Every structure is written in C-alpha cells, then in structure tokens.
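K.L.:
Got data-v1.cif for you, mmCIF, N, CA and C atoms:
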data_protein
loop_
_atom_site.label_atom_id
_atom_site.label_comp_id
_atom_site.auth_asym_id
_atom_site.auth_seq_id
_atom_site.Cartn_x
_atom_site.Cartn_y
_atom_site.Cartn_z
N MET A 593 0.87 -1.17 0.00
CA MET A 593 0.00 0.00 0.00
C MET A 593 0.91 1.23 0.00
N ASN A 594 0.91 2.20 0.80
CA ASN A 594 1.87 3.29 0.94
C ASN A 594 2.53 3.72 -0.36
N THR A 595 1.75 3.99 -1.38
CA THR A 595 2.33 4.37 -2.66
C THR A 595 1.66 5.62 -3.21
N THR A 596 2.35 6.25 -4.11
CA THR A 596 1.79 7.36 -4.88
C THR A 596 1.68 6.89 -6.31
N PRO A 597 1.00 7.65 -7.18
CA PRO A 597 0.94 7.24 -8.58
C PRO A 597 2.31 7.06 -9.21
N GLN A 598 3.33 7.80 -8.71
CA GLN A 598 4.68 7.66 -9.26
C GLN A 598 5.52 6.66 -8.47
N GLY A 599 4.97 6.09 -7.40
CA GLY A 599 5.70 5.10 -6.62
C GLY A 599 6.49 5.68 -5.47
N ASN A 600 6.45 7.02 -5.25
CA ASN A 600 7.17 7.62 -4.13
C ASN A 600 6.48 7.25 -2.82
N THR A 601 7.27 7.04 -1.78
CA THR A 601 6.69 6.67 -0.48
C THR A 601 7.22 7.51 0.65
N ARG A 602 8.09 8.48 0.41
CA ARG A 602 8.72 9.23 1.48
C ARG A 602 7.90 10.45 1.88
N GLU A 603 8.45 11.21 2.83
CA GLU A 603 7.80 12.41 3.34
C GLU A 603 7.53 13.44 2.26
N ASP A 604 8.20 13.33 1.09
CA ASP A 604 7.96 14.31 0.03
C ASP A 604 6.54 14.23 -0.51
N THR A 605 5.77 13.25 -0.09
CA THR A 605 4.37 13.15 -0.50
C THR A 605 3.44 13.88 0.46
N SER A 606 3.96 14.41 1.57
CA SER A 606 3.09 14.99 2.60
C SER A 606 2.27 16.16 2.08
N HIS A 607 2.76 16.90 1.10
CA HIS A 607 2.00 18.04 0.57
C HIS A 607 0.65 17.61 -0.02
N ILE A 608 0.57 16.38 -0.47
CA ILE A 608 -0.69 15.89 -1.06
C ILE A 608 -1.78 15.78 0.01
N PHE A 609 -1.41 15.54 1.27
CA PHE A 609 -2.37 15.36 2.35
C PHE A 609 -2.99 16.69 2.82
N ILE A 610 -2.35 17.80 2.50
CA ILE A 610 -2.80 19.12 2.96
C ILE A 610 -4.07 19.52 2.21
N GLY A 611 -5.03 20.06 2.96
CA GLY A 611 -6.27 20.52 2.34
C GLY A 611 -7.48 20.01 3.09
N THR A 612 -8.63 20.14 2.45
CA THR A 612 -9.90 19.75 3.05
C THR A 612 -10.39 18.47 2.41
N TRP A 613 -10.78 17.52 3.24
CA TRP A 613 -11.13 16.18 2.81
C TRP A 613 -12.44 15.73 3.44
N GLU A 614 -13.15 14.83 2.76
CA GLU A 614 -14.33 14.21 3.34
C GLU A 614 -14.20 12.70 3.20
N GLY A 615 -14.86 12.01 4.11
CA GLY A 615 -14.83 10.55 4.07
C GLY A 615 -16.01 9.98 4.81
N ASP A 616 -16.12 8.66 4.74
CA ASP A 616 -17.19 7.97 5.47
C ASP A 616 -16.79 6.54 5.77
N HIS A 617 -17.48 5.99 6.76
CA HIS A 617 -17.24 4.60 7.15
C HIS A 617 -18.52 4.06 7.79
N ILE A 618 -18.90 2.86 7.41
CA ILE A 618 -20.07 2.21 8.01
C ILE A 618 -19.59 1.23 9.07
N ASP A 619 -20.11 1.39 10.28
CA ASP A 619 -19.85 0.46 11.38
C ASP A 619 -21.08 -0.42 11.50
N HIS A 620 -21.01 -1.61 10.94
CA HIS A 620 -22.17 -2.50 10.90
C HIS A 620 -22.57 -2.98 12.31
N GLU A 621 -21.59 -3.23 13.17
CA GLU A 621 -21.91 -3.69 14.53
C GLU A 621 -22.68 -2.64 15.31
N ALA A 622 -22.27 -1.39 15.20
CA ALA A 622 -22.92 -0.32 15.96
C ALA A 622 -24.11 0.28 15.21
N LYS A 623 -24.37 -0.22 14.00
CA LYS A 623 -25.45 0.34 13.15
C LYS A 623 -25.29 1.85 13.03
N LEU A 624 -24.10 2.23 12.56
CA LEU A 624 -23.72 3.63 12.54
C LEU A 624 -23.01 3.96 11.23
N LEU A 625 -23.40 5.08 10.63
CA LEU A 625 -22.65 5.65 9.51
C LEU A 625 -21.91 6.85 10.06
N ARG A 626 -20.61 6.86 9.90
CA ARG A 626 -19.80 7.99 10.35
C ARG A 626 -19.27 8.69 9.11
N THR A 627 -19.58 9.98 8.98
CA THR A 627 -19.03 10.80 7.91
C THR A 627 -18.19 11.89 8.57
N TRP A 628 -17.29 12.48 7.80
CA TRP A 628 -16.45 13.52 8.37
C TRP A 628 -15.96 14.48 7.30
N ILE A 629 -15.54 15.64 7.80
CA ILE A 629 -14.85 16.64 7.00
C ILE A 629 -13.62 17.01 7.80
N GLN A 630 -12.46 16.94 7.16
CA GLN A 630 -11.20 17.18 7.86
C GLN A 630 -10.37 18.18 7.08
N ASN A 631 -9.77 19.12 7.80
CA ASN A 631 -8.82 20.05 7.20
C ASN A 631 -7.45 19.75 7.78
N ARG A 632 -6.51 19.35 6.91
CA ARG A 632 -5.13 19.11 7.32
C ARG A 632 -4.30 20.31 6.87
N SER A 633 -3.62 20.94 7.82
CA SER A 633 -2.83 22.13 7.53
C SER A 633 -1.37 21.79 7.30
N GLU A 634 -0.69 22.71 6.64
CA GLU A 634 0.73 22.54 6.32
C GLU A 634 1.59 22.44 7.58
N ASP A 635 1.13 23.06 8.69
CA ASP A 635 1.91 23.04 9.93
C ASP A 635 1.75 21.74 10.72
N GLY A 636 1.03 20.75 10.15
CA GLY A 636 0.88 19.45 10.80
C GLY A 636 -0.29 19.37 11.77
N THR A 637 -1.17 20.36 11.76
CA THR A 637 -2.37 20.30 12.61
C THR A 637 -3.58 19.95 11.76
N TYR A 638 -4.63 19.49 12.44
CA TYR A 638 -5.87 19.21 11.72
C TYR A 638 -7.07 19.50 12.60
N THR A 639 -8.19 19.74 11.95
CA THR A 639 -9.50 19.82 12.59
C THR A 639 -10.40 18.87 11.82
N ILE A 640 -11.15 18.06 12.55
CA ILE A 640 -12.08 17.13 11.91
C ILE A 640 -13.43 17.22 12.61
N VAL A 641 -14.47 17.27 11.80
CA VAL A 641 -15.83 17.24 12.33
C VAL A 641 -16.44 15.91 11.90
N PHE A 642 -16.84 15.12 12.89
CA PHE A 642 -17.49 13.84 12.65
C PHE A 642 -19.01 14.03 12.73
N TYR A 643 -19.71 13.34 11.85
CA TYR A 643 -21.17 13.27 11.90
C TYR A 643 -21.52 11.80 12.08
N HIS A 644 -22.14 11.48 13.21
CA HIS A 644 -22.50 10.10 13.54
C HIS A 644 -23.98 9.94 13.21
N HIS A 645 -24.28 9.20 12.16
CA HIS A 645 -25.65 8.99 11.71
C HIS A 645 -26.16 7.70 12.36
N THR A 646 -27.11 7.83 13.29
CA THR A 646 -27.66 6.67 13.99
C THR A 646 -29.17 6.59 13.74
N GLU A 647 -29.76 5.54 14.26
CA GLU A 647 -31.21 5.40 14.14
C GLU A 647 -31.94 6.52 14.89
N LYS A 648 -31.29 7.13 15.87
CA LYS A 648 -31.92 8.17 16.69
C LYS A 648 -31.62 9.58 16.20
N GLY A 649 -30.78 9.72 15.19
CA GLY A 649 -30.46 11.05 14.67
C GLY A 649 -29.00 11.18 14.29
N ILE A 650 -28.61 12.41 14.02
CA ILE A 650 -27.23 12.71 13.63
C ILE A 650 -26.58 13.49 14.77
N TYR A 651 -25.42 13.02 15.19
CA TYR A 651 -24.68 13.66 16.26
C TYR A 651 -23.34 14.13 15.72
N GLU A 652 -22.92 15.30 16.16
CA GLU A 652 -21.70 15.92 15.66
C GLU A 652 -20.66 16.01 16.76
N SER A 653 -19.40 15.77 16.41
CA SER A 653 -18.30 15.97 17.35
C SER A 653 -17.11 16.51 16.57
N THR A 654 -16.28 17.29 17.25
CA THR A 654 -15.12 17.92 16.62
C THR A 654 -13.86 17.52 17.37
N GLN A 655 -12.80 17.25 16.62
CA GLN A 655 -11.50 16.95 17.21
C GLN A 655 -10.45 17.83 16.54
N LYS A 656 -9.45 18.20 17.33
CA LYS A 656 -8.29 18.92 16.80
C LYS A 656 -7.06 18.13 17.20
N GLY A 657 -6.09 18.08 16.30
CA GLY A 657 -4.90 17.33 16.61
C GLY A 657 -3.76 17.59 15.66
N LYS A 658 -2.85 16.62 15.61
CA LYS A 658 -1.66 16.72 14.77
C LYS A 658 -1.58 15.50 13.85
N TRP A 659 -1.00 15.72 12.67
CA TRP A 659 -0.80 14.63 11.71
C TRP A 659 0.63 14.71 11.18
N TRP A 660 1.14 13.55 10.76
CA TRP A 660 2.47 13.50 10.16
C TRP A 660 2.66 12.19 9.42
N ILE A 661 3.69 12.18 8.60
CA ILE A 661 4.10 10.96 7.89
C ILE A 661 5.48 10.59 8.40
N GLU A 662 5.63 9.35 8.78
CA GLU A 662 6.91 8.85 9.27
C GLU A 662 7.16 7.53 8.57
N GLY A 663 8.27 7.46 7.85
CA GLY A 663 8.52 6.26 7.07
C GLY A 663 7.42 6.11 6.03
N ASN A 664 6.78 4.98 6.01
CA ASN A 664 5.70 4.73 5.06
C ASN A 664 4.33 4.71 5.73
N ARG A 665 4.19 5.43 6.84
CA ARG A 665 2.93 5.41 7.59
C ARG A 665 2.42 6.83 7.81
N PHE A 666 1.10 6.94 7.89
CA PHE A 666 0.42 8.19 8.21
C PHE A 666 -0.04 8.11 9.66
N TYR A 667 0.25 9.14 10.45
CA TYR A 667 -0.11 9.19 11.87
C TYR A 667 -1.01 10.39 12.12
N GLU A 668 -1.97 10.22 13.04
CA GLU A 668 -2.72 11.37 13.53
C GLU A 668 -3.14 11.12 14.97
N ILE A 669 -3.13 12.21 15.74
CA ILE A 669 -3.51 12.12 17.15
C ILE A 669 -4.25 13.38 17.56
N ALA A 670 -5.33 13.17 18.30
CA ALA A 670 -6.08 14.24 18.95
C ALA A 670 -5.78 14.09 20.44
N PRO A 671 -4.82 14.85 20.98
CA PRO A 671 -4.36 14.64 22.36
C PRO A 671 -5.46 14.72 23.41
N ASP A 672 -6.54 15.44 23.15
CA ASP A 672 -7.62 15.55 24.14
C ASP A 672 -8.38 14.25 24.33
N VAL A 673 -8.35 13.37 23.32
CA VAL A 673 -9.14 12.13 23.40
C VAL A 673 -8.32 10.87 23.13
N MET A 674 -7.04 11.02 22.83
CA MET A 674 -6.21 9.87 22.48
C MET A 674 -4.88 9.92 23.24
N LYS A 675 -4.38 8.74 23.66
CA LYS A 675 -3.06 8.66 24.28
C LYS A 675 -2.00 8.29 23.25
N GLU A 676 -2.39 7.51 22.25
CA GLU A 676 -1.50 7.06 21.20
C GLU A 676 -2.10 7.45 19.85
N PRO A 677 -1.26 7.72 18.85
CA PRO A 677 -1.81 8.09 17.54
C PRO A 677 -2.43 6.90 16.82
N ASP A 678 -3.39 7.20 15.95
CA ASP A 678 -3.86 6.21 14.99
C ASP A 678 -2.81 6.13 13.90
N VAL A 679 -2.52 4.93 13.43
CA VAL A 679 -1.48 4.72 12.43
C VAL A 679 -2.09 3.98 11.25
N TYR A 680 -1.81 4.48 10.05
CA TYR A 680 -2.40 3.94 8.83
C TYR A 680 -1.36 3.69 7.76
N GLN A 681 -1.57 2.64 7.00
CA GLN A 681 -0.93 2.51 5.70
C GLN A 681 -1.75 3.40 4.78
N PHE A 682 -1.15 3.90 3.72
CA PHE A 682 -1.90 4.74 2.81
C PHE A 682 -1.54 4.46 1.36
N GLU A 683 -2.47 4.77 0.51
CA GLU A 683 -2.26 4.68 -0.93
C GLU A 683 -2.80 5.96 -1.54
N ILE A 684 -1.93 6.73 -2.17
CA ILE A 684 -2.37 7.95 -2.84
C ILE A 684 -2.88 7.53 -4.21
N VAL A 685 -4.19 7.47 -4.32
CA VAL A 685 -4.83 7.03 -5.56
C VAL A 685 -4.69 8.14 -6.61
N SER A 686 -4.88 9.38 -6.17
CA SER A 686 -4.69 10.56 -7.02
C SER A 686 -4.47 11.74 -6.09
N GLU A 687 -4.28 12.94 -6.63
CA GLU A 687 -4.12 14.11 -5.77
C GLU A 687 -5.40 14.43 -5.03
N ASN A 688 -6.51 13.81 -5.41
CA ASN A 688 -7.80 14.08 -4.80
C ASN A 688 -8.41 12.89 -4.07
N GLU A 689 -7.64 11.81 -3.91
CA GLU A 689 -8.18 10.62 -3.26
C GLU A 689 -7.05 9.83 -2.61
N ILE A 690 -7.22 9.55 -1.30
CA ILE A 690 -6.23 8.78 -0.55
C ILE A 690 -6.96 7.66 0.19
N ARG A 691 -6.47 6.45 0.04
CA ARG A 691 -7.02 5.28 0.74
C ARG A 691 -6.17 5.03 1.99
N PHE A 692 -6.84 4.85 3.14
CA PHE A 692 -6.17 4.58 4.41
C PHE A 692 -6.60 3.22 4.92
N ARG A 693 -5.65 2.50 5.53
CA ARG A 693 -5.93 1.21 6.16
C ARG A 693 -5.23 1.19 7.51
N SER A 694 -6.00 1.02 8.59
CA SER A 694 -5.44 0.98 9.94
C SER A 694 -4.50 -0.21 10.08
N ILE A 695 -3.40 -0.01 10.79
CA ILE A 695 -2.51 -1.14 11.05
C ILE A 695 -2.91 -1.87 12.32
N ALA A 696 -3.82 -1.28 13.13
CA ALA A 696 -4.19 -1.87 14.42
C ALA A 696 -5.51 -2.61 14.40
N LYS A 697 -6.39 -2.27 13.47
CA LYS A 697 -7.71 -2.90 13.45
C LYS A 697 -8.23 -3.01 12.03
N ASP A 698 -9.32 -3.71 11.88
CA ASP A 698 -9.92 -3.89 10.56
C ASP A 698 -10.74 -2.65 10.21
N TYR A 699 -10.07 -1.65 9.68
CA TYR A 699 -10.70 -0.36 9.42
C TYR A 699 -10.03 0.26 8.20
N GLU A 700 -10.83 0.56 7.20
CA GLU A 700 -10.32 1.14 5.96
C GLU A 700 -11.30 2.18 5.47
N PHE A 701 -10.77 3.25 4.87
CA PHE A 701 -11.62 4.30 4.32
C PHE A 701 -10.87 5.06 3.24
N ILE A 702 -11.60 5.87 2.50
CA ILE A 702 -11.02 6.72 1.46
C ILE A 702 -11.40 8.15 1.76
N ASP A 703 -10.40 9.04 1.79
CA ASP A 703 -10.64 10.47 1.89
C ASP A 703 -10.65 11.05 0.49
N LYS A 704 -11.60 11.96 0.24
CA LYS A 704 -11.71 12.64 -1.06
C LYS A 704 -11.60 14.14 -0.84
N ARG A 705 -10.76 14.77 -1.63
CA ARG A 705 -10.53 16.21 -1.50
C ARG A 705 -11.79 16.98 -1.88
N ILE A 706 -12.09 18.02 -1.09
CA ILE A 706 -13.19 18.92 -1.41
C ILE A 706 -12.68 20.35 -1.31
N LYS A 707 -13.46 21.29 -1.81
CA LYS A 707 -13.09 22.70 -1.70
C LYS A 707 -13.32 23.18 -0.28
N SER A 708 -12.54 24.14 0.15
CA SER A 708 -12.71 24.72 1.49
C SER A 708 -14.05 25.43 1.59
N PHE A 709 -14.58 25.47 2.82
CA PHE A 709 -15.84 26.15 3.08
C PHE A 709 -15.91 26.52 4.55
N ARG A 710 -16.90 27.34 4.91
CA ARG A 710 -17.12 27.72 6.30
C ARG A 710 -18.35 26.97 6.81
N ASP A 711 -18.21 26.30 7.97
CA ASP A 711 -19.34 25.54 8.50
C ASP A 711 -20.32 26.46 9.24
N HIS A 712 -21.37 25.88 9.80
CA HIS A 712 -22.41 26.68 10.44
C HIS A 712 -21.94 27.38 11.71
N LYS A 713 -20.78 27.01 12.23
CA LYS A 713 -20.20 27.69 13.39
C LYS A 713 -19.19 28.75 13.00
N GLY A 714 -18.99 28.91 11.69
CA GLY A 714 -18.04 29.91 11.20
C GLY A 714 -16.62 29.42 11.10
N ILE A 715 -16.40 28.12 11.25
CA ILE A 715 -15.06 27.54 11.16
C ILE A 715 -14.76 27.23 9.70
N TRP A 716 -13.58 27.68 9.23
CA TRP A 716 -13.16 27.40 7.85
C TRP A 716 -12.60 25.98 7.73
N PHE A 717 -13.01 25.33 6.69
CA PHE A 717 -12.47 24.01 6.34
C PHE A 717 -11.96 24.08 4.93
#
In structure tokens, write the structure found in this file.

P.N.:
Amino acid sequence: MNTTPQGNTREDTSHIFIGTWEGDHIDHEAKLLRTWIQNRSEDGTYTIVFYHHTEKGIYESTQKGKWWIEGNRFYEIAPDVMKEPDVYQFEIVSENEIRFRSIAKDYEFIDKRIKSFRDHKGIWF
C-alpha cells in the first residue's frame, strides 16, 4: 500500500495530504454511519468534524490534533481524546483521493478532497 501514482513513499508526499477532505465509514456492529470533513494544515495540525448517523439522529463531534508521515505510515492524534496516535498505511490514488488502512484494526476508508468552506459555526475548512 503506501504508494503514490509515481511510486514515491517518502515524506515528500506529505503536501498531497494538505487541504480539506471528506470521508465515510459504516460500522455494521454499531449500526452507525460515520461521515467527516477534515482540514489538514501545512503546519501538521488538523481539525475534523465527525457526523454520527444513527437510528436516533445525527450527532456531531469535533477533534483537533496533529498529523504527520513517518517512514511509510500516516499518523494522527487528537491529544484531548487519544493517548497514542492512529497509524495507517496509505495509498495515494490521485491528488484528490487517498485510501487509508489501519494497522491496528480492521478499518479502511477513502478520503476525497473537497473545496474549502465555512461551517455553520463559522469555522473554515
């Protein structure tokens, strides 16, 4: 996995991760659809808004944290809610699509680049 269209795997690919992205994941056990919008900044910080779609409604939560690439892995941590970072293998499908696969659990998703926008709280993504 951990590849770019040109086969590069080093930190020189980190610029591709910068920007605003959306993704989703279905948790069949919890009967939950989780969607998100994430802004990854050049300084290694991120803000992500999760939307948890359940049978009882949609719930929103926001996390702020740090992201980085080390070796052939993508790391992100929200220190307020995590003690250890989430670690992923990645595949840069294109400049607008990145596939992530957790190294710790059976969890995979694709982030797709979107244009920046301001949410209902006035936060820029």

K.L.:
Would you mind listing what lies within 7 Å of Lys658 (chain A) as an MDAnalysis selection string, with only C-alpha atoms counted and same-chain residues fewer than 2 positions away left out?

P.N.:
chainID A and resid 636:638 660 668:670

K.L.:
May I ask for the distance between CA of Lys656 (chain A) and CA of Pro671 (chain A), given in Å to one decimal place?

P.N.:
8.0 Å

K.L.:
How would you write as a compact mmCIF listing (two decimals) with N, CA and C atoms, in the frame of the given file the residues that get within 6 Å of (1.5, 6.2, 4.3) in the file's frame, counting only N, CA and C atoms?

P.N.:
# COMPACT_ATOMS: atom_id res chain seq x y z
N ASN A 594 0.91 2.20 0.80
CA ASN A 594 1.87 3.29 0.94
C ASN A 594 2.53 3.72 -0.36
N ASN A 664 6.78 4.98 6.01
CA ASN A 664 5.70 4.73 5.06
C ASN A 664 4.33 4.71 5.73
N ARG A 665 4.19 5.43 6.84
CA ARG A 665 2.93 5.41 7.59
C ARG A 665 2.42 6.83 7.81
N PHE A 666 1.10 6.94 7.89
CA PHE A 666 0.42 8.19 8.21
C PHE A 666 -0.04 8.11 9.66
N TYR A 680 -1.81 4.48 10.05
CA TYR A 680 -2.40 3.94 8.83
C TYR A 680 -1.36 3.69 7.76
N GLN A 681 -1.57 2.64 7.00
CA GLN A 681 -0.93 2.51 5.70
C GLN A 681 -1.75 3.40 4.78
N PHE A 682 -1.15 3.90 3.72
CA PHE A 682 -1.90 4.74 2.81
C PHE A 682 -1.54 4.46 1.36
N GLU A 683 -2.47 4.77 0.51
CA GLU A 683 -2.26 4.68 -0.93
C GLU A 683 -2.80 5.96 -1.54

K.L.:
What's around region 639-652 of chain A at 7 Å? Count only N, CA and C atoms, leave out sequence neighbours fewer than 3 positions away in its own chain, and write the answer as a ChimeraX atom specification.

P.N.:
/A:623-633,655-657

K.L.:
Could you tell me how far atom C of Gly611 (chain A) lies from atom N of Glu634 (chain A), in Å and to one decimal?

P.N.:
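Going from atom C of Gly611 (chain A) over to atom N of Glu634 (chain A) covers 8.1 Å.
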
K.L.:
What is the atom C of Val673 (chain A)-CA of Trp659 (chain A) distance in Å, reported with one decimal?

P.N.:
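Straight-line distance from atom C of Val673 (chain A) to CA of Trp659 (chain A) works out to 14.2 Å.
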